[in-house]
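Chemist: The structure follows.
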Amino acid sequence: MSDRAAVRVLERLRAVEWDGEWDDVLARVMSRRLLMREYLRRAGLWAQACSAGAAWPFFDVVEYVDPAFPPPTDEDAARIRGLLGRTIVISPVLRTLTGAVRLAEFRARRPDALPDLPDLYEPLLLFYERGGAFLQDHAGYLDLTGVQMRPGAPAGRAADIPLSSLAPALLDAVDAEGRITYYGAAERQGPALRRRVVRGVPYDEAFGREDGTGWEPAGRPLPASPEKAAEFGVVWLDEMEAAALIWAAMDGPCGTPPAR
């Protein structure tokens, strides 16, 4: 493996704490779910562009972009397998590790051969960096450690709301202890609001700038459930919509650019 871009991806993966502490992973449940949703969205777009629907959602996209592109050498394949250390060797994870390294190498050599789409594996690389691997059960559910989700279908995911940015500041801002429900104004502008319930105690918060960017007391009660949103003059927000409001309030802080 001589390409610098591929080596950089491999170095990032080598630095992942695949056997990290449970509490550390749970502290990043929200951002990891957003990153997985963004990966599934991008995977749906790439699957449509490269006729890879049968392999979706976890696949080595280079196999579909250019089937003649050389596969990993035995040495490279062993190096990639060794990244997971003592963790269970999970096929979807291995396929995406291989795919991320190979796509970086392919892009460096033949950038004009790729569709004009956002980087496929970057959200998943960040997902791994923020807490390690995921599991997929026989029913198809994805276990992200602390939360489960269905992958859905390629077309549906491709039409999903995009994550506004992959910036660390945004990912850190959505992570918090407790069960979180987001709300906002009816016109879906202004501050993102959230009700966060920690061990049965609710905290009503708004993302603002009074004392710096961050979560502050909302100064108003929020509904206990989305069904009661109208009674409080707010609307329920999908977590991707809430992330967009949070990012807008941050006014583009330094970090990972949205286009990655």
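We label chains A, B, ... in the order they appear in the structure tokens, count residues from 1 in each chain, and number ligands from 1 in the order shown.
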Would you pick out the contacts of Gly184 in chain A at 12 Å or less, using only C-alpha atoms, so that residues sharing its chain but fewer than 5 positions from it are not included, and give the list as an NGL selection string?

Modeler: :A and (189-195 or 205-207 or 218 or 222-223 or 226 or 229-230 or 232-239 or 241-246)

Chemist: Extract, using only C-alpha atoms, all DNA, RNA and protein residues at most 7 Å from range 9-18 of chain A, discarding same-chain residues fewer than 6 positions from it, and format them as a PyMOL selection string.

Modeler: chain A and resi 83-84+87+101+128-129+131-133

Chemist: As a count of residues only, list the residues of range 121-200 of chain A assigned to strand (DSSP E) by DSSP on the backbone atoms of this structure.

Modeler: 18

Chemist: Would you pick out the contacts of Ala173 in chain A at 10 Å or less, using only C-alpha atoms, so that residues sharing its chain but fewer than 2 positions from it are not included, and give the list as an MDAnalysis selection string?

Modeler: chainID A and resid 30:31 168:171 175:176 207 213:215 243 246:247 250

Chemist: Run DSSP on the backbone and grab whatever in range 15-250 of chain A lands in helix (DSSP H, G or I); send it over as a PyMOL selection string.

Modeler: chain A and resi 22-26+29-50+62-65+74-84+91-109+111-113+122-129+154-158+168-174+226-232+239-250

Chemist: For a quick check of understanding, using only C-alpha atoms, which of A:Leu142, A:Leu35, A:Val25, A:Ala108 has the smallest distance to Val7 in chain A?

Modeler: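 Smallest distance to Val7 in chain A is found for A:Ala108.
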
Chemist: What is the CA of Arg199 in chain A-CA of Ile180 in chain A distance in Å, reported with one decimal?

Modeler: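 Rounded to one decimal, the two atoms are 12.0 Å apart.
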
Chemist: Within 10 Å of Leu34 in chain A, counting only C-alpha atoms, which residues show up once you throw out same-chain ones fewer than 3 positions away? Write them as JSON, numbers by chain, please.

Modeler: {"A": [29, 30, 31, 37, 38, 39, 40, 123, 127, 162, 163, 166, 171, 174, 239, 240, 243]}

Chemist: Selected residues, C-alpha atoms, written as a PDB file, in the first residue's frame, please.

Modeler:
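Okay, result.pdb is ready:
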ATOM      1  CA  VAL A  29     -24.688   7.670  21.185  1.00  0.00           C
ATOM      2  CA  MET A  30     -26.447  10.636  19.577  1.00  0.00           C
ATOM      3  CA  SER A  31     -23.590  11.665  17.295  1.00  0.00           C
ATOM      4  CA  ARG A  37     -27.770   7.847   9.260  1.00  0.00           C
ATOM      5  CA  GLU A  38     -25.534  10.041   7.121  1.00  0.00           C
ATOM      6  CA  TYR A  39     -23.492   7.031   6.018  1.00  0.00           C
ATOM      7  CA  LEU A  40     -26.675   5.155   5.056  1.00  0.00           C
ATOM      8  CA  PRO A 123     -19.248   9.501   8.220  1.00  0.00           C
ATOM      9  CA  PHE A 127     -18.475   6.805  13.654  1.00  0.00           C
ATOM     10  CA  PRO A 162     -28.540  15.198   5.068  1.00  0.00           C
ATOM     11  CA  LEU A 163     -26.384  15.886   8.080  1.00  0.00           C
ATOM     12  CA  LEU A 166     -19.357  16.502  10.019  1.00  0.00           C
ATOM     13  CA  LEU A 171     -21.072  16.145  16.789  1.00  0.00           C
ATOM     14  CA  VAL A 174     -25.617  16.714  19.972  1.00  0.00           C
ATOM     15  CA  GLU A 239     -32.683  14.888  14.830  1.00  0.00           C
ATOM     16  CA  MET A 240     -31.188  15.842  11.443  1.00  0.00           C
ATOM     17  CA  ALA A 243     -28.600  19.328  13.878  1.00  0.00           C
TER      18      ALA A 243
END

Chemist: Fewer than 4 positions away in the same chain doesn't count, so skip those; otherwise give me all residues within 10 Å of Pro154 in chain A, counting only C-alpha atoms, as a VMD selection string.

Modeler: chain A and resid 40 to 48 52 to 54 56 to 57 158 to 160

Chemist: Save out the residues we just selected, N, CA and C atoms, as a JSON list (two decimals), in the first residue's frame.

Modeler:
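What landed in part10.json:
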[["chain", "number", "residue", "atom", "x", "y", "z"],
["A", 40, "LEU", "N", -25.64, 5.89, 5.79],
["A", 40, "LEU", "CA", -26.68, 5.15, 5.06],
["A", 40, "LEU", "C", -27.25, 6.01, 3.92],
["A", 41, "ARG", "N", -27.39, 7.32, 4.16],
["A", 41, "ARG", "CA", -27.88, 8.20, 3.11],
["A", 41, "ARG", "C", -26.89, 8.23, 1.93],
["A", 42, "ARG", "N", -25.63, 8.43, 2.25],
["A", 42, "ARG", "CA", -24.63, 8.46, 1.19],
["A", 42, "ARG", "C", -24.50, 7.11, 0.51],
["A", 43, "ALA", "N", -24.59, 6.03, 1.29],
["A", 43, "ALA", "CA", -24.51, 4.71, 0.69],
["A", 43, "ALA", "C", -25.66, 4.48, -0.29],
["A", 44, "GLY", "N", -26.84, 5.02, 0.03],
["A", 44, "GLY", "CA", -27.96, 4.92, -0.89],
["A", 44, "GLY", "C", -27.68, 5.66, -2.19],
["A", 45, "LEU", "N", -27.08, 6.84, -2.11],
["A", 45, "LEU", "CA", -26.74, 7.62, -3.30],
["A", 45, "LEU", "C", -25.68, 6.90, -4.14],
["A", 46, "TRP", "N", -24.66, 6.38, -3.47],
["A", 46, "TRP", "CA", -23.60, 5.67, -4.19],
["A", 46, "TRP", "C", -24.12, 4.37, -4.80],
["A", 47, "ALA", "N", -24.98, 3.68, -4.07],
["A", 47, "ALA", "CA", -25.54, 2.43, -4.60],
["A", 47, "ALA", "C", -26.34, 2.69, -5.86],
["A", 48, "GLN", "N", -27.10, 3.78, -5.88],
["A", 48, "GLN", "CA", -27.87, 4.13, -7.07],
["A", 48, "GLN", "C", -26.94, 4.50, -8.23],
["A", 52, "ALA", "N", -25.10, -0.70, -7.14],
["A", 52, "ALA", "CA", -24.66, -1.56, -6.05],
["A", 52, "ALA", "C", -25.78, -1.83, -5.06],
["A", 53, "GLY", "N", -27.02, -1.70, -5.51],
["A", 53, "GLY", "CA", -28.15, -1.87, -4.59],
["A", 53, "GLY", "C", -28.19, -3.21, -3.90],
["A", 54, "ALA", "N", -27.77, -4.27, -4.59],
["A", 54, "ALA", "CA", -27.82, -5.61, -3.99],
["A", 54, "ALA", "C", -26.84, -5.75, -2.83],
["A", 56, "TRP", "N", -25.89, -3.10, -0.85],
["A", 56, "TRP", "CA", -26.14, -2.05, 0.14],
["A", 56, "TRP", "C", -26.59, -2.69, 1.46],
["A", 57, "PRO", "N", -26.22, -2.14, 2.64],
["A", 57, "PRO", "CA", -25.60, -0.83, 2.84],
["A", 57, "PRO", "C", -24.09, -0.84, 3.08],
["A", 158, "ALA", "N", -31.47, 7.33, 0.63],
["A", 158, "ALA", "CA", -30.90, 8.33, -0.28],
["A", 158, "ALA", "C", -31.67, 9.64, -0.22],
["A", 159, "ALA", "N", -32.98, 9.55, 0.09],
["A", 159, "ALA", "CA", -33.83, 10.74, 0.17],
["A", 159, "ALA", "C", -33.89, 11.33, 1.57],
["A", 160, "ASP", "N", -33.12, 10.78, 2.50],
["A", 160, "ASP", "CA", -33.15, 11.23, 3.89],
["A", 160, "ASP", "C", -32.57, 12.64, 4.00]]
